[in-house]
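Printed here is final25.tsv (TSV, N, CA and C atoms):
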chain	number	residue	atom	x	y	z
A	888	ASP	N	220.23	65.44	16.69
A	888	ASP	CA	219.00	64.68	16.84
A	888	ASP	C	219.17	63.48	17.76
A	889	ALA	N	220.30	62.79	17.65
A	889	ALA	CA	220.54	61.63	18.51
A	889	ALA	C	220.64	62.06	19.97
A	890	ALA	N	221.29	63.21	20.20
A	890	ALA	CA	221.42	63.71	21.57
A	890	ALA	C	220.05	64.05	22.14
A	891	ARG	N	219.19	64.68	21.37
A	891	ARG	CA	217.84	65.01	21.82
A	891	ARG	C	217.03	63.76	22.13
A	892	THR	N	217.19	62.76	21.28
A	892	THR	CA	216.49	61.50	21.50
A	892	THR	C	216.94	60.87	22.81
A	893	ASN	N	218.24	60.88	23.06
A	893	ASN	CA	218.78	60.30	24.30
A	893	ASN	C	218.30	61.08	25.52
A	894	VAL	N	218.28	62.41	25.44
A	894	VAL	CA	217.81	63.23	26.55
A	894	VAL	C	216.33	62.94	26.81
A	895	ALA	N	215.54	62.83	25.76
A	895	ALA	CA	214.12	62.54	25.92
A	895	ALA	C	213.91	61.19	26.60
A	896	LYS	N	214.73	60.20	26.25
A	896	LYS	CA	214.62	58.88	26.87
A	896	LYS	C	214.96	58.95	28.36
A	897	VAL	N	216.00	59.69	28.71
A	897	VAL	CA	216.42	59.81	30.11
A	897	VAL	C	215.33	60.52	30.92
A	898	VAL	N	214.79	61.62	30.39
A	898	VAL	CA	213.73	62.36	31.08
A	898	VAL	C	212.50	61.48	31.26
A	899	SER	N	212.15	60.74	30.24
A	899	SER	CA	210.99	59.85	30.31
A	899	SER	C	211.19	58.80	31.40
A	900	GLN	N	212.39	58.24	31.48
A	900	GLN	CA	212.68	57.22	32.50
A	900	GLN	C	212.62	57.83	33.89
A	901	LEU	N	213.15	59.05	34.06
A	901	LEU	CA	213.09	59.71	35.36
A	901	LEU	C	211.64	59.95	35.77
A	902	ASP	N	210.81	60.41	34.82
A	902	ASP	CA	209.39	60.62	35.12
A	902	ASP	C	208.73	59.32	35.55
A	903	GLU	N	209.03	58.24	34.86
A	903	GLU	CA	208.44	56.93	35.19
A	903	GLU	C	208.92	56.46	36.56
A	904	ASP	N	210.20	56.65	36.87
A	904	ASP	CA	210.73	56.26	38.17
A	904	ASP	C	210.06	57.06	39.29
A	905	LEU	N	209.88	58.37	39.07
A	905	LEU	CA	209.22	59.21	40.07
A	905	LEU	C	207.78	58.77	40.28
A	906	ARG	N	207.06	58.47	39.20
A	906	ARG	CA	205.67	58.02	39.32
A	906	ARG	C	205.60	56.71	40.11
A	907	ARG	N	206.53	55.78	39.85
A	907	ARG	CA	206.53	54.52	40.61
A	907	ARG	C	206.77	54.78	42.08
A	908	GLU	N	207.67	55.72	42.38
A	908	GLU	CA	207.97	56.05	43.77
A	908	GLU	C	206.75	56.66	44.46
A	909	ILE	N	206.04	57.55	43.77
A	909	ILE	CA	204.85	58.17	44.35
A	909	ILE	C	203.76	57.14	44.55
A	910	VAL	N	203.49	56.32	43.55
A	910	VAL	CA	202.45	55.30	43.65
A	910	VAL	C	202.78	54.31	44.76
A	911	GLY	N	204.06	54.00	44.95
A	911	GLY	CA	204.47	53.03	45.96
A	911	GLY	C	204.68	53.61	47.35
A	912	ALA	N	204.49	54.92	47.53
A	912	ALA	CA	204.71	55.56	48.83
A	912	ALA	C	203.70	55.05	49.86
A	913	PRO	N	204.12	54.91	51.12
A	913	PRO	CA	203.19	54.46	52.16
A	913	PRO	C	202.10	55.49	52.39
A	914	ARG	N	200.94	55.04	52.84
A	914	ARG	CA	199.79	55.90	53.11
A	914	ARG	C	199.46	55.82	54.59
A	915	PRO	N	198.79	56.75	55.17
A	915	PRO	CA	198.39	58.01	54.58
A	915	PRO	C	199.58	58.96	54.46
A	916	VAL	N	199.43	59.90	53.57
A	916	VAL	CA	200.44	60.93	53.34
A	916	VAL	C	199.71	62.24	53.12
A	917	VAL	N	200.33	63.36	53.47
A	917	VAL	CA	199.75	64.68	53.20
A	917	VAL	C	200.39	65.19	51.92
A	918	TYR	N	199.56	65.61	51.00
A	918	TYR	CA	200.01	66.06	49.69
A	918	TYR	C	199.54	67.48	49.44
A	919	THR	N	200.44	68.34	49.00
A	919	THR	CA	200.08	69.70	48.65
A	919	THR	C	199.76	69.75	47.17
A	920	VAL	N	198.56	70.18	46.84
A	920	VAL	CA	198.08	70.22	45.46
A	920	VAL	C	198.93	71.20	44.65
A	921	SER	N	199.32	70.74	43.45
A	921	SER	CA	200.05	71.60	42.52
A	921	SER	C	199.57	71.31	41.11
A	922	MET	N	199.74	72.23	40.23
A	922	MET	CA	199.29	72.03	38.85
A	922	MET	C	200.29	71.19	38.05
A	923	LEU	N	201.53	71.10	38.50
A	923	LEU	CA	202.54	70.42	37.72
A	923	LEU	C	202.30	68.93	37.58
A	924	ASP	N	202.01	68.27	38.70
A	924	ASP	CA	201.91	66.81	38.69
A	924	ASP	C	200.49	66.29	38.55
A	925	ASP	N	199.51	67.04	39.05
A	925	ASP	CA	198.18	66.47	39.21
A	925	ASP	C	197.09	67.17	38.41
A	926	GLY	N	197.40	68.26	37.76
A	926	GLY	CA	196.40	68.97	36.98
A	926	GLY	C	195.33	69.65	37.81
A	927	ASN	N	195.56	69.76	39.12
A	927	ASN	CA	194.60	70.39	40.03
A	927	ASN	C	193.25	69.69	40.02
A	928	THR	N	193.23	68.37	39.88
A	928	THR	CA	191.98	67.61	39.94
A	928	THR	C	192.15	66.43	40.89
A	929	LEU	N	191.05	66.01	41.49
A	929	LEU	CA	191.11	64.82	42.35
A	929	LEU	C	191.44	63.57	41.54
A	930	SER	N	190.93	63.49	40.32
A	930	SER	CA	191.25	62.32	39.50
A	930	SER	C	192.73	62.32	39.13
A	931	GLY	N	193.31	63.49	38.89
A	931	GLY	CA	194.74	63.57	38.61
A	931	GLY	C	195.58	63.15	39.80
A	932	ILE	N	195.15	63.55	40.99
A	932	ILE	CA	195.87	63.16	42.21
A	932	ILE	C	195.73	61.66	42.45
A	933	ALA	N	194.53	61.13	42.22
A	933	ALA	CA	194.32	59.68	42.37
A	933	ALA	C	195.20	58.91	41.38
A	934	ARG	N	195.30	59.38	40.17
A	934	ARG	CA	196.15	58.74	39.17
A	934	ARG	C	197.61	58.79	39.61
A	935	LEU	N	198.02	59.93	40.18
A	935	LEU	CA	199.39	60.12	40.63
A	935	LEU	C	199.74	59.17	41.77
A	936	PHE	N	198.83	59.04	42.75
A	936	PHE	CA	199.14	58.25	43.94
A	936	PHE	C	198.71	56.79	43.86
A	937	TYR	N	197.61	56.52	43.19
A	937	TYR	CA	197.10	55.15	43.14
A	937	TYR	C	197.30	54.49	41.78
A	938	GLY	N	197.66	55.29	40.79
A	938	GLY	CA	197.76	54.74	39.44
A	938	GLY	C	196.41	54.53	38.80
A	939	ASP	N	195.34	55.10	39.39
A	939	ASP	CA	193.98	54.89	38.90
A	939	ASP	C	193.14	56.13	39.21
A	940	ALA	N	192.79	56.88	38.17
A	940	ALA	CA	192.04	58.13	38.33
A	940	ALA	C	190.65	57.91	38.92
A	941	THR	N	190.08	56.72	38.74
A	941	THR	CA	188.72	56.47	39.21
A	941	THR	C	188.63	56.37	40.74
A	942	LYS	N	189.74	56.34	41.42
A	942	LYS	CA	189.74	56.23	42.88
A	942	LYS	C	189.74	57.60	43.57
A	943	TRP	N	189.37	58.66	42.86
A	943	TRP	CA	189.37	60.02	43.40
A	943	TRP	C	188.44	60.18	44.59
A	944	ARG	N	187.35	59.39	44.64
A	944	ARG	CA	186.39	59.52	45.74
A	944	ARG	C	187.02	59.20	47.10
A	945	ARG	N	188.00	58.30	47.12
A	945	ARG	CA	188.68	57.98	48.38
A	945	ARG	C	189.37	59.22	48.94
A	946	ILE	N	190.00	59.97	48.07
A	946	ILE	CA	190.68	61.20	48.49
A	946	ILE	C	189.65	62.23	48.93
A	947	TYR	N	188.56	62.34	48.18
A	947	TYR	CA	187.50	63.28	48.53
A	947	TYR	C	186.91	62.96	49.90
A	948	GLU	N	186.59	61.70	50.14
A	948	GLU	CA	185.99	61.30	51.42
A	948	GLU	C	186.94	61.59	52.59
A	949	ALA	N	188.22	61.40	52.39
A	949	ALA	CA	189.20	61.64	53.45
A	949	ALA	C	189.41	63.13	53.73
A	950	ASN	N	188.95	63.97	52.82
A	950	ASN	CA	189.20	65.41	52.94
A	950	ASN	C	187.92	66.24	52.85
A	951	ARG	N	186.79	65.67	53.24
A	951	ARG	CA	185.50	66.36	53.10
A	951	ARG	C	185.44	67.68	53.87
A	952	LYS	N	186.16	67.77	54.99
A	952	LYS	CA	186.15	69.02	55.75
A	952	LYS	C	186.83	70.15	54.98
A	953	LEU	N	187.77	69.79	54.14
A	953	LEU	CA	188.53	70.78	53.37
A	953	LEU	C	187.93	71.02	51.99
A	954	ILE	N	187.41	69.98	51.37
A	954	ILE	CA	186.88	70.07	50.00
A	954	ILE	C	185.36	70.14	50.06
A	955	LYS	N	184.82	71.29	49.71
A	955	LYS	CA	183.37	71.45	49.71
A	955	LYS	C	182.75	70.92	48.43
A	956	ASN	N	183.45	71.06	47.32
A	956	ASN	CA	182.98	70.62	46.01
A	956	ASN	C	184.12	69.83	45.36
A	957	PRO	N	183.91	68.55	45.07
A	957	PRO	CA	185.00	67.74	44.51
A	957	PRO	C	185.48	68.21	43.14
A	958	ASN	N	184.71	69.07	42.49
A	958	ASN	CA	185.11	69.60	41.19
A	958	ASN	C	185.95	70.87	41.32
A	959	VAL	N	186.12	71.35	42.57
A	959	VAL	CA	186.87	72.59	42.78
A	959	VAL	C	187.93	72.36	43.86
A	960	ILE	N	189.17	72.22	43.43
A	960	ILE	CA	190.28	72.18	44.37
A	960	ILE	C	191.30	73.21	43.90
A	961	TYR	N	192.11	73.67	44.83
A	961	TYR	CA	193.03	74.77	44.55
A	961	TYR	C	194.47	74.36	44.82
A	962	GLY	N	195.38	74.98	44.08
A	962	GLY	CA	196.80	74.81	44.34
A	962	GLY	C	197.10	75.25	45.76
A	963	GLY	N	197.93	74.52	46.45
A	963	GLY	CA	198.29	74.84	47.82
A	963	GLY	C	197.48	74.10	48.87
A	964	MET	N	196.33	73.51	48.48
A	964	MET	CA	195.55	72.71	49.45
A	964	MET	C	196.41	71.54	49.92
A	965	GLN	N	196.31	71.21	51.19
A	965	GLN	CA	197.03	70.06	51.71
A	965	GLN	C	196.03	68.94	51.98
A	966	LEU	N	196.09	67.91	51.16
A	966	LEU	CA	195.15	66.81	51.21
A	966	LEU	C	195.80	65.57	51.81
A	967	THR	N	195.02	64.84	52.59
A	967	THR	CA	195.46	63.55	53.10
A	967	THR	C	195.14	62.51	52.03
A	968	ILE	N	196.14	61.71	51.67
A	968	ILE	CA	195.96	60.63	50.70
A	968	ILE	C	195.87	59.34	51.50
A	969	PRO	N	194.67	58.75	51.61
A	969	PRO	CA	194.49	57.56	52.45
A	969	PRO	C	194.98	56.28	51.78
A	970	LYS	N	195.11	55.25	52.61
A	970	LYS	CA	195.37	53.91	52.09
A	970	LYS	C	194.16	53.44	51.33
A	971	LEU	N	194.36	52.58	50.35
A	971	LEU	CA	193.22	51.99	49.63
A	971	LEU	C	192.67	50.82	50.41
Just give me the structure of the file as structure tokens.
Amino acid sequence: DAARTNVAKVVSQLDEDLRREIVGAPRPVVYTVSMLDDGNTLSGIARLFYGDATKWRRIYEANRKLIKNPNVIYGGMQLTIPKL
């Protein structure tokens, strides 16, 4: 049990470090949509990159030629993530 607890703490810290790195990455950046990190939603991608799901419209506006409906995005789409 102690070993599992320690592994869970290490994995949690790695996830947090990765999230900080993604949020702190310079913009603009091209991001390939995946279900693992972003849940295949613009709000999930906004949360991943900006730390705030409500900023999804910025991503939508920057990718209007690619995204016809902001409620429908697909794995493999390559989206530009703009500066705030």
Practice prompt. Could you please give me, as a PyMOL selection string, the residues of protein, DNA or RNA lying at most 8 Å from (191.7, 66.6, 42.8) in the coordinate frame of the file, considering all atoms listed in the file?
Written response: chain A and resi 920+925-933+943+946-947+957-961
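Of note, atom N of A:Leu935 and atom N of A:Arg951 are spaced 18.2 Å apart.
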Fill in: Residues within 6.5 Å of (197.9, 53.9, 45.7), file coords, only N, CA and C atoms, listed as JSON, numbers by chain
{"A": [910, 911, 936, 937, 938, 971]}
Item to complete: Extract, using only N, CA and C atoms, all DNA, RNA and protein residues at most 8 Å from A:Asn950, discarding same-chain residues fewer than 4 positions from it, and format them as a count of residues only.
Response: 10
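Take atom C of A:Gly963 and atom N of A:Val917: the distance between them is 12.0 Å.
One finds atom CA of A:Lys970 at 12.5 Å from atom N of A:Tyr918.
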Please, can stretch 941-952 of chain A be completed to all heavy atoms and returned as a PDB file, in the frame of the given file?
ATOM      1  N   THR A 941     190.080  56.720  38.740  1.00  0.00           N
ATOM      2  CA  THR A 941     188.720  56.470  39.210  1.00  0.00           C
ATOM      3  C   THR A 941     188.630  56.370  40.740  1.00  0.00           C
ATOM      4  O   THR A 941     187.534  56.349  41.282  1.00  0.00           O
ATOM      5  CB  THR A 941     188.122  55.200  38.582  1.00  0.00           C
ATOM      6  OG1 THR A 941     188.871  54.064  39.021  1.00  0.00           O
ATOM      7  CG2 THR A 941     188.136  55.285  37.065  1.00  0.00           C
ATOM      8  N   LYS A 942     189.740  56.340  41.420  1.00  0.00           N
ATOM      9  CA  LYS A 942     189.740  56.230  42.880  1.00  0.00           C
ATOM     10  C   LYS A 942     189.740  57.600  43.570  1.00  0.00           C
ATOM     11  O   LYS A 942     189.998  57.711  44.757  1.00  0.00           O
ATOM     12  CB  LYS A 942     190.925  55.397  43.334  1.00  0.00           C
ATOM     13  CG  LYS A 942     190.861  53.981  42.789  1.00  0.00           C
ATOM     14  CD  LYS A 942     191.795  53.068  43.499  1.00  0.00           C
ATOM     15  CE  LYS A 942     191.841  51.680  42.936  1.00  0.00           C
ATOM     16  NZ  LYS A 942     190.633  51.032  42.631  1.00  0.00           N
ATOM     17  N   TRP A 943     189.370  58.660  42.860  1.00  0.00           N
ATOM     18  CA  TRP A 943     189.370  60.020  43.400  1.00  0.00           C
ATOM     19  C   TRP A 943     188.440  60.180  44.590  1.00  0.00           C
ATOM     20  O   TRP A 943     188.679  60.980  45.479  1.00  0.00           O
ATOM     21  CB  TRP A 943     189.013  61.039  42.311  1.00  0.00           C
ATOM     22  CG  TRP A 943     187.618  60.925  41.783  1.00  0.00           C
ATOM     23  CD1 TRP A 943     187.215  60.203  40.710  1.00  0.00           C
ATOM     24  CD2 TRP A 943     186.451  61.545  42.311  1.00  0.00           C
ATOM     25  NE1 TRP A 943     185.864  60.326  40.524  1.00  0.00           N
ATOM     26  CE2 TRP A 943     185.363  61.155  41.504  1.00  0.00           C
ATOM     27  CE3 TRP A 943     186.200  62.391  43.385  1.00  0.00           C
ATOM     28  CZ2 TRP A 943     184.059  61.587  41.741  1.00  0.00           C
ATOM     29  CZ3 TRP A 943     184.896  62.814  43.617  1.00  0.00           C
ATOM     30  CH2 TRP A 943     183.849  62.418  42.797  1.00  0.00           C
ATOM     31  N   ARG A 944     187.350  59.390  44.640  1.00  0.00           N
ATOM     32  CA  ARG A 944     186.390  59.520  45.740  1.00  0.00           C
ATOM     33  C   ARG A 944     187.020  59.200  47.100  1.00  0.00           C
ATOM     34  O   ARG A 944     186.620  59.762  48.110  1.00  0.00           O
ATOM     35  CB  ARG A 944     185.193  58.594  45.502  1.00  0.00           C
ATOM     36  CG  ARG A 944     184.181  59.163  44.558  1.00  0.00           C
ATOM     37  CD  ARG A 944     182.930  58.254  44.481  1.00  0.00           C
ATOM     38  NE  ARG A 944     181.848  58.859  43.781  1.00  0.00           N
ATOM     39  CZ  ARG A 944     181.759  58.942  42.462  1.00  0.00           C
ATOM     40  NH1 ARG A 944     182.714  58.460  41.712  1.00  0.00           N
ATOM     41  NH2 ARG A 944     180.713  59.504  41.894  1.00  0.00           N
ATOM     42  N   ARG A 945     188.000  58.300  47.120  1.00  0.00           N
ATOM     43  CA  ARG A 945     188.680  57.980  48.380  1.00  0.00           C
ATOM     44  C   ARG A 945     189.370  59.220  48.940  1.00  0.00           C
ATOM     45  O   ARG A 945     189.333  59.486  50.140  1.00  0.00           O
ATOM     46  CB  ARG A 945     189.726  56.873  48.171  1.00  0.00           C
ATOM     47  CG  ARG A 945     189.189  55.510  47.873  1.00  0.00           C
ATOM     48  CD  ARG A 945     188.415  54.953  49.061  1.00  0.00           C
ATOM     49  NE  ARG A 945     189.219  54.951  50.274  1.00  0.00           N
ATOM     50  CZ  ARG A 945     189.701  53.890  50.869  1.00  0.00           C
ATOM     51  NH1 ARG A 945     189.464  52.709  50.382  1.00  0.00           N
ATOM     52  NH2 ARG A 945     190.408  53.998  51.960  1.00  0.00           N
ATOM     53  N   ILE A 946     190.000  59.970  48.070  1.00  0.00           N
ATOM     54  CA  ILE A 946     190.680  61.200  48.490  1.00  0.00           C
ATOM     55  C   ILE A 946     189.650  62.230  48.930  1.00  0.00           C
ATOM     56  O   ILE A 946     189.814  62.891  49.963  1.00  0.00           O
ATOM     57  CB  ILE A 946     191.571  61.745  47.358  1.00  0.00           C
ATOM     58  CG1 ILE A 946     192.656  60.713  47.021  1.00  0.00           C
ATOM     59  CG2 ILE A 946     192.185  63.087  47.743  1.00  0.00           C
ATOM     60  CD1 ILE A 946     193.427  61.000  45.764  1.00  0.00           C
ATOM     61  N   TYR A 947     188.560  62.340  48.180  1.00  0.00           N
ATOM     62  CA  TYR A 947     187.500  63.280  48.530  1.00  0.00           C
ATOM     63  C   TYR A 947     186.910  62.960  49.900  1.00  0.00           C
ATOM     64  O   TYR A 947     186.764  63.845  50.749  1.00  0.00           O
ATOM     65  CB  TYR A 947     186.413  63.255  47.448  1.00  0.00           C
ATOM     66  CG  TYR A 947     185.210  64.092  47.776  1.00  0.00           C
ATOM     67  CD1 TYR A 947     185.327  65.465  47.976  1.00  0.00           C
ATOM     68  CD2 TYR A 947     183.953  63.518  47.895  1.00  0.00           C
ATOM     69  CE1 TYR A 947     184.223  66.239  48.282  1.00  0.00           C
ATOM     70  CE2 TYR A 947     182.846  64.288  48.192  1.00  0.00           C
ATOM     71  CZ  TYR A 947     182.986  65.644  48.385  1.00  0.00           C
ATOM     72  OH  TYR A 947     181.884  66.407  48.694  1.00  0.00           O
ATOM     73  N   GLU A 948     186.590  61.700  50.140  1.00  0.00           N
ATOM     74  CA  GLU A 948     185.990  61.300  51.420  1.00  0.00           C
ATOM     75  C   GLU A 948     186.940  61.590  52.590  1.00  0.00           C
ATOM     76  O   GLU A 948     186.494  61.976  53.664  1.00  0.00           O
ATOM     77  CB  GLU A 948     185.601  59.823  51.400  1.00  0.00           C
ATOM     78  CG  GLU A 948     184.437  59.515  50.484  1.00  0.00           C
ATOM     79  CD  GLU A 948     183.146  60.225  50.867  1.00  0.00           C
ATOM     80  OE1 GLU A 948     182.893  60.410  52.072  1.00  0.00           O
ATOM     81  OE2 GLU A 948     182.402  60.611  49.954  1.00  0.00           O
ATOM     82  N   ALA A 949     188.220  61.400  52.390  1.00  0.00           N
ATOM     83  CA  ALA A 949     189.200  61.640  53.450  1.00  0.00           C
ATOM     84  C   ALA A 949     189.410  63.130  53.730  1.00  0.00           C
ATOM     85  O   ALA A 949     189.970  63.479  54.765  1.00  0.00           O
ATOM     86  CB  ALA A 949     190.536  60.986  53.083  1.00  0.00           C
ATOM     87  N   ASN A 950     188.950  63.970  52.820  1.00  0.00           N
ATOM     88  CA  ASN A 950     189.200  65.410  52.940  1.00  0.00           C
ATOM     89  C   ASN A 950     187.920  66.240  52.850  1.00  0.00           C
ATOM     90  O   ASN A 950     187.957  67.403  52.476  1.00  0.00           O
ATOM     91  CB  ASN A 950     190.169  65.843  51.830  1.00  0.00           C
ATOM     92  CG  ASN A 950     191.527  65.246  52.005  1.00  0.00           C
ATOM     93  OD1 ASN A 950     192.342  65.723  52.779  1.00  0.00           O
ATOM     94  ND2 ASN A 950     191.791  64.160  51.281  1.00  0.00           N
ATOM     95  N   ARG A 951     186.790  65.670  53.240  1.00  0.00           N
ATOM     96  CA  ARG A 951     185.500  66.360  53.100  1.00  0.00           C
ATOM     97  C   ARG A 951     185.440  67.680  53.870  1.00  0.00           C
ATOM     98  O   ARG A 951     184.744  68.596  53.465  1.00  0.00           O
ATOM     99  CB  ARG A 951     184.368  65.460  53.558  1.00  0.00           C
ATOM    100  CG  ARG A 951     184.161  64.361  52.500  1.00  0.00           C
ATOM    101  CD  ARG A 951     182.842  63.818  52.535  1.00  0.00           C
ATOM    102  NE  ARG A 951     181.961  64.617  51.676  1.00  0.00           N
ATOM    103  CZ  ARG A 951     180.766  64.240  51.368  1.00  0.00           C
ATOM    104  NH1 ARG A 951     180.296  63.122  51.854  1.00  0.00           N
ATOM    105  NH2 ARG A 951     180.006  64.967  50.596  1.00  0.00           N
ATOM    106  N   LYS A 952     186.160  67.770  54.990  1.00  0.00           N
ATOM    107  CA  LYS A 952     186.150  69.020  55.750  1.00  0.00           C
ATOM    108  C   LYS A 952     186.830  70.150  54.980  1.00  0.00           C
ATOM    109  O   LYS A 952     186.499  71.305  55.142  1.00  0.00           O
ATOM    110  CB  LYS A 952     186.831  68.835  57.105  1.00  0.00           C
ATOM    111  CG  LYS A 952     186.041  67.980  58.057  1.00  0.00           C
ATOM    112  CD  LYS A 952     186.747  67.859  59.373  1.00  0.00           C
ATOM    113  CE  LYS A 952     185.931  66.972  60.303  1.00  0.00           C
ATOM    114  NZ  LYS A 952     186.600  66.783  61.587  1.00  0.00           N
TER     115      LYS A 952
END
